[in-house]
Amino acid sequence: MLVNVPADHRVTDVNFLIDTILHTWDSDLRLYVQHNGIGAKLLNNIGGSGDNFIGTMLNDSAAIALPNGFPPFTGTYRPYDSLSRFNNSFAAGYWRIIITDTATGDTGVLKAWCLVISHTNVSGIEETTIIPNTNRLYQNYPNPFNPVTKIRYGLPKKSFVRLSVFNSLGQVAAVLVNAIKDANTYEAVFDATNLPSGVYYYKLEADGFNDTKKMVIIK
């Protein structure tokens, strides 16, 4: 995945979020992340049979280190190798995720994940970039709402994005985003002050991807 940030930004922290790993025998798996000649092993043959990684955040600051704890490993854990080895390296460029199966006859998939990179510029101003492996549209919050809600969406690469709101008749009520966006996770604010109560839908279109979710205005 390409992290598109200014060339002078250096890494201050890296976390890795596993949304879901589906595999017949998770303890056969090894998961790595590589960037600019630096590598770290995140998982090393732990778990068991079944879905042992669901909503798993790998963070050097976690109180519990893998493989301590009990599967499914849901929550925050320290990874096999410290991710601090990426600190002070340049954040921009390609980050590569590698997953290997050390046995034969197994099947599985790393269904979804996010890379969370904190980085700072020469002035010391810190920013956080959250890049998912696929285009994602999240449920708005709050929902129901009156009159303002927030809509998050994630892009794995630079894309032209259109985020629109429709009423129950399919008519466009608002266009929140209509622009080219870099790979990142964004949050759009929808102000429904001038709209009546009711069911509405919001739709994300990006690079051939589209997804629609429902929200409710209550006044």
# chains A, B, ... in the order shown; residues from 1 in each chain; ligands from 1

call {"tool": "residues_around", "arguments": {"residues": "Pro72 (chain A)", "least_positions_apart": "2", "cutoff": "10 Å", "atoms": "only C-alpha atoms", "output": "PyMOL selection string"}}
result
chain A and resi 47-48+50-56+69-70+74-75

call {"tool": "residues_around", "arguments": {"residues": "Asn184 (chain A)", "least_positions_apart": "5", "cutoff": "8 Å", "atoms": "only C-alpha atoms", "output": "number ranges by chain"}}
result
A: 129-132, 154-157

call {"tool": "closest_residue", "arguments": {"among": "A:Pro79, A:Pro6, A:Gly170, A:Pro142", "to": "Val33 (chain A)", "atoms": "only C-alpha atoms"}}
result
A:Pro79

call {"tool": "select_by_dssp", "arguments": {"residues": "region 161-208 of chain A", "states": "strand (DSSP E or B)", "output": "ChimeraX atom specification"}}
result
/A:161-166,172-181,184-191,198-206

call {"tool": "residues_around", "arguments": {"residues": "Glu126 (chain A)", "least_positions_apart": "3", "cutoff": "10 Å", "atoms": "only C-alpha atoms", "output": "PDB file with N, CA and C atoms, in the first residue's frame"}}
result
ATOM      1  N   HIS A   9       8.204  13.852   6.249  1.00  0.00           N
ATOM      2  CA  HIS A   9       7.540  13.346   7.454  1.00  0.00           C
ATOM      3  C   HIS A   9       8.175  12.035   7.910  1.00  0.00           C
ATOM      4  N   ARG A  10       8.469  11.960   9.202  1.00  0.00           N
ATOM      5  CA  ARG A  10       9.081  10.764   9.784  1.00  0.00           C
ATOM      6  C   ARG A  10       8.102  10.062  10.728  1.00  0.00           C
ATOM      7  N   VAL A  11       8.207   8.756  10.789  1.00  0.00           N
ATOM      8  CA  VAL A  11       7.314   7.932  11.605  1.00  0.00           C
ATOM      9  C   VAL A  11       7.599   8.146  13.087  1.00  0.00           C
ATOM     10  N   THR A  12       6.540   8.315  13.871  1.00  0.00           N
ATOM     11  CA  THR A  12       6.669   8.361  15.325  1.00  0.00           C
ATOM     12  C   THR A  12       6.010   7.158  15.995  1.00  0.00           C
ATOM     13  N   SER A 118       1.480   7.216  12.713  1.00  0.00           N
ATOM     14  CA  SER A 118       1.636   8.573  13.224  1.00  0.00           C
ATOM     15  C   SER A 118       2.967   9.106  12.702  1.00  0.00           C
ATOM     16  N   HIS A 119       2.958  10.359  12.221  1.00  0.00           N
ATOM     17  CA  HIS A 119       4.180  10.904  11.633  1.00  0.00           C
ATOM     18  C   HIS A 119       4.253  12.393  11.931  1.00  0.00           C
ATOM     19  N   THR A 120       5.452  12.918  11.914  1.00  0.00           N
ATOM     20  CA  THR A 120       5.661  14.313  12.254  1.00  0.00           C
ATOM     21  C   THR A 120       6.518  14.988  11.200  1.00  0.00           C
ATOM     22  N   ASN A 121       6.323  16.305  11.016  1.00  0.00           N
ATOM     23  CA  ASN A 121       7.144  17.049  10.070  1.00  0.00           C
ATOM     24  C   ASN A 121       8.310  17.699  10.802  1.00  0.00           C
ATOM     25  N   VAL A 122       9.113  18.460  10.078  1.00  0.00           N
ATOM     26  CA  VAL A 122      10.313  19.053  10.678  1.00  0.00           C
ATOM     27  C   VAL A 122       9.965  20.055  11.773  1.00  0.00           C
ATOM     28  N   SER A 123       8.729  20.560  11.762  1.00  0.00           N
ATOM     29  CA  SER A 123       8.306  21.508  12.798  1.00  0.00           C
ATOM     30  C   SER A 123       7.772  20.814  14.039  1.00  0.00           C
TER      31      SER A 123
END

call {"tool": "residues_around", "arguments": {"residues": "Asn143 (chain A)", "least_positions_apart": "3", "cutoff": "7 Å", "atoms": "only C-alpha atoms", "output": "ChimeraX atom specification"}}
result
/A:140,215-216

call {"tool": "write_last_selection", "arguments": {"atoms": "N, CA and C atoms", "output": "compact mmCIF listing (two decimals), in the first residue's frame"}}
result
# COMPACT_ATOMS: atom_id res chain seq x y z
N ASN A 140 -22.57 6.03 9.94
CA ASN A 140 -22.48 7.39 10.49
C ASN A 140 -22.70 7.37 12.00
N MET A 215 -29.35 6.17 7.26
CA MET A 215 -29.31 6.98 8.48
C MET A 215 -30.67 7.64 8.67
N VAL A 216 -30.92 8.11 9.89
CA VAL A 216 -32.24 8.64 10.23
C VAL A 216 -32.09 10.00 10.91

call {"tool": "decode", "arguments": {"residues": "region 147-204 of chain A", "atoms": "C-alpha atoms", "output": "PDB file, in the first residue's frame"}}
result
ATOM      1  CA  PRO A 147     -29.082  17.911  13.078  1.00  0.00           C
ATOM      2  CA  VAL A 148     -25.392  16.941  12.574  1.00  0.00           C
ATOM      3  CA  THR A 149     -23.721  13.566  12.028  1.00  0.00           C
ATOM      4  CA  LYS A 150     -20.284  12.374  10.921  1.00  0.00           C
ATOM      5  CA  ILE A 151     -19.529   9.893   8.119  1.00  0.00           C
ATOM      6  CA  ARG A 152     -16.136   8.134   7.960  1.00  0.00           C
ATOM      7  CA  TYR A 153     -14.720   6.494   4.859  1.00  0.00           C
ATOM      8  CA  GLY A 154     -11.366   4.940   3.999  1.00  0.00           C
ATOM      9  CA  LEU A 155      -9.367   4.763   0.770  1.00  0.00           C
ATOM     10  CA  PRO A 156      -6.482   2.345   0.077  1.00  0.00           C
ATOM     11  CA  LYS A 157      -5.181   4.489  -2.794  1.00  0.00           C
ATOM     12  CA  LYS A 158      -5.592   7.900  -4.399  1.00  0.00           C
ATOM     13  CA  SER A 159      -9.052   8.053  -5.975  1.00  0.00           C
ATOM     14  CA  PHE A 160     -11.764  10.381  -7.188  1.00  0.00           C
ATOM     15  CA  VAL A 161     -14.397  10.276  -4.454  1.00  0.00           C
ATOM     16  CA  ARG A 162     -18.073  11.204  -4.423  1.00  0.00           C
ATOM     17  CA  LEU A 163     -20.001  11.013  -1.159  1.00  0.00           C
ATOM     18  CA  SER A 164     -23.690  11.829  -1.612  1.00  0.00           C
ATOM     19  CA  VAL A 165     -26.815  11.876   0.544  1.00  0.00           C
ATOM     20  CA  PHE A 166     -30.215  10.843  -0.840  1.00  0.00           C
ATOM     21  CA  ASN A 167     -33.742  11.066   0.529  1.00  0.00           C
ATOM     22  CA  SER A 168     -36.156   8.115   0.547  1.00  0.00           C
ATOM     23  CA  LEU A 169     -37.299   9.014  -2.998  1.00  0.00           C
ATOM     24  CA  GLY A 170     -33.777   8.696  -4.352  1.00  0.00           C
ATOM     25  CA  GLN A 171     -33.317  12.445  -4.808  1.00  0.00           C
ATOM     26  CA  VAL A 172     -29.920  13.972  -4.017  1.00  0.00           C
ATOM     27  CA  ALA A 173     -30.160  15.889  -0.736  1.00  0.00           C
ATOM     28  CA  ALA A 174     -26.462  16.820  -0.453  1.00  0.00           C
ATOM     29  CA  VAL A 175     -23.041  16.135  -1.963  1.00  0.00           C
ATOM     30  CA  LEU A 176     -20.481  16.034   0.834  1.00  0.00           C
ATOM     31  CA  VAL A 177     -17.373  15.116  -1.169  1.00  0.00           C
ATOM     32  CA  ASN A 178     -16.681  15.414  -4.886  1.00  0.00           C
ATOM     33  CA  ALA A 179     -12.902  15.483  -5.274  1.00  0.00           C
ATOM     34  CA  ILE A 180      -9.672  13.510  -5.625  1.00  0.00           C
ATOM     35  CA  LYS A 181      -8.450  12.194  -2.269  1.00  0.00           C
ATOM     36  CA  ASP A 182      -5.194  10.510  -1.234  1.00  0.00           C
ATOM     37  CA  ALA A 183      -5.138   7.131   0.504  1.00  0.00           C
ATOM     38  CA  ASN A 184      -6.276   7.754   4.072  1.00  0.00           C
ATOM     39  CA  THR A 185      -9.314   7.610   6.344  1.00  0.00           C
ATOM     40  CA  TYR A 186     -11.539  10.689   6.263  1.00  0.00           C
ATOM     41  CA  GLU A 187     -14.528  12.071   8.134  1.00  0.00           C
ATOM     42  CA  ALA A 188     -17.240  14.158   6.483  1.00  0.00           C
ATOM     43  CA  VAL A 189     -19.741  16.231   8.462  1.00  0.00           C
ATOM     44  CA  PHE A 190     -23.371  16.226   7.345  1.00  0.00           C
ATOM     45  CA  ASP A 191     -25.547  19.089   8.606  1.00  0.00           C
ATOM     46  CA  ALA A 192     -29.255  18.343   8.100  1.00  0.00           C
ATOM     47  CA  THR A 193     -30.539  21.595   9.618  1.00  0.00           C
ATOM     48  CA  ASN A 194     -32.606  22.396   6.527  1.00  0.00           C
ATOM     49  CA  LEU A 195     -33.927  18.876   5.926  1.00  0.00           C
ATOM     50  CA  PRO A 196     -37.063  17.272   7.395  1.00  0.00           C
ATOM     51  CA  SER A 197     -37.087  14.188   9.605  1.00  0.00           C
ATOM     52  CA  GLY A 198     -36.976  10.844   7.878  1.00  0.00           C
ATOM     53  CA  VAL A 199     -34.845   8.047   6.470  1.00  0.00           C
ATOM     54  CA  TYR A 200     -31.901   9.052   4.290  1.00  0.00           C
ATOM     55  CA  TYR A 201     -29.135   7.145   2.521  1.00  0.00           C
ATOM     56  CA  TYR A 202     -25.505   8.039   1.919  1.00  0.00           C
ATOM     57  CA  LYS A 203     -23.416   6.561  -0.873  1.00  0.00           C
ATOM     58  CA  LEU A 204     -19.649   6.377  -1.401  1.00  0.00           C
TER      59      LEU A 204
END
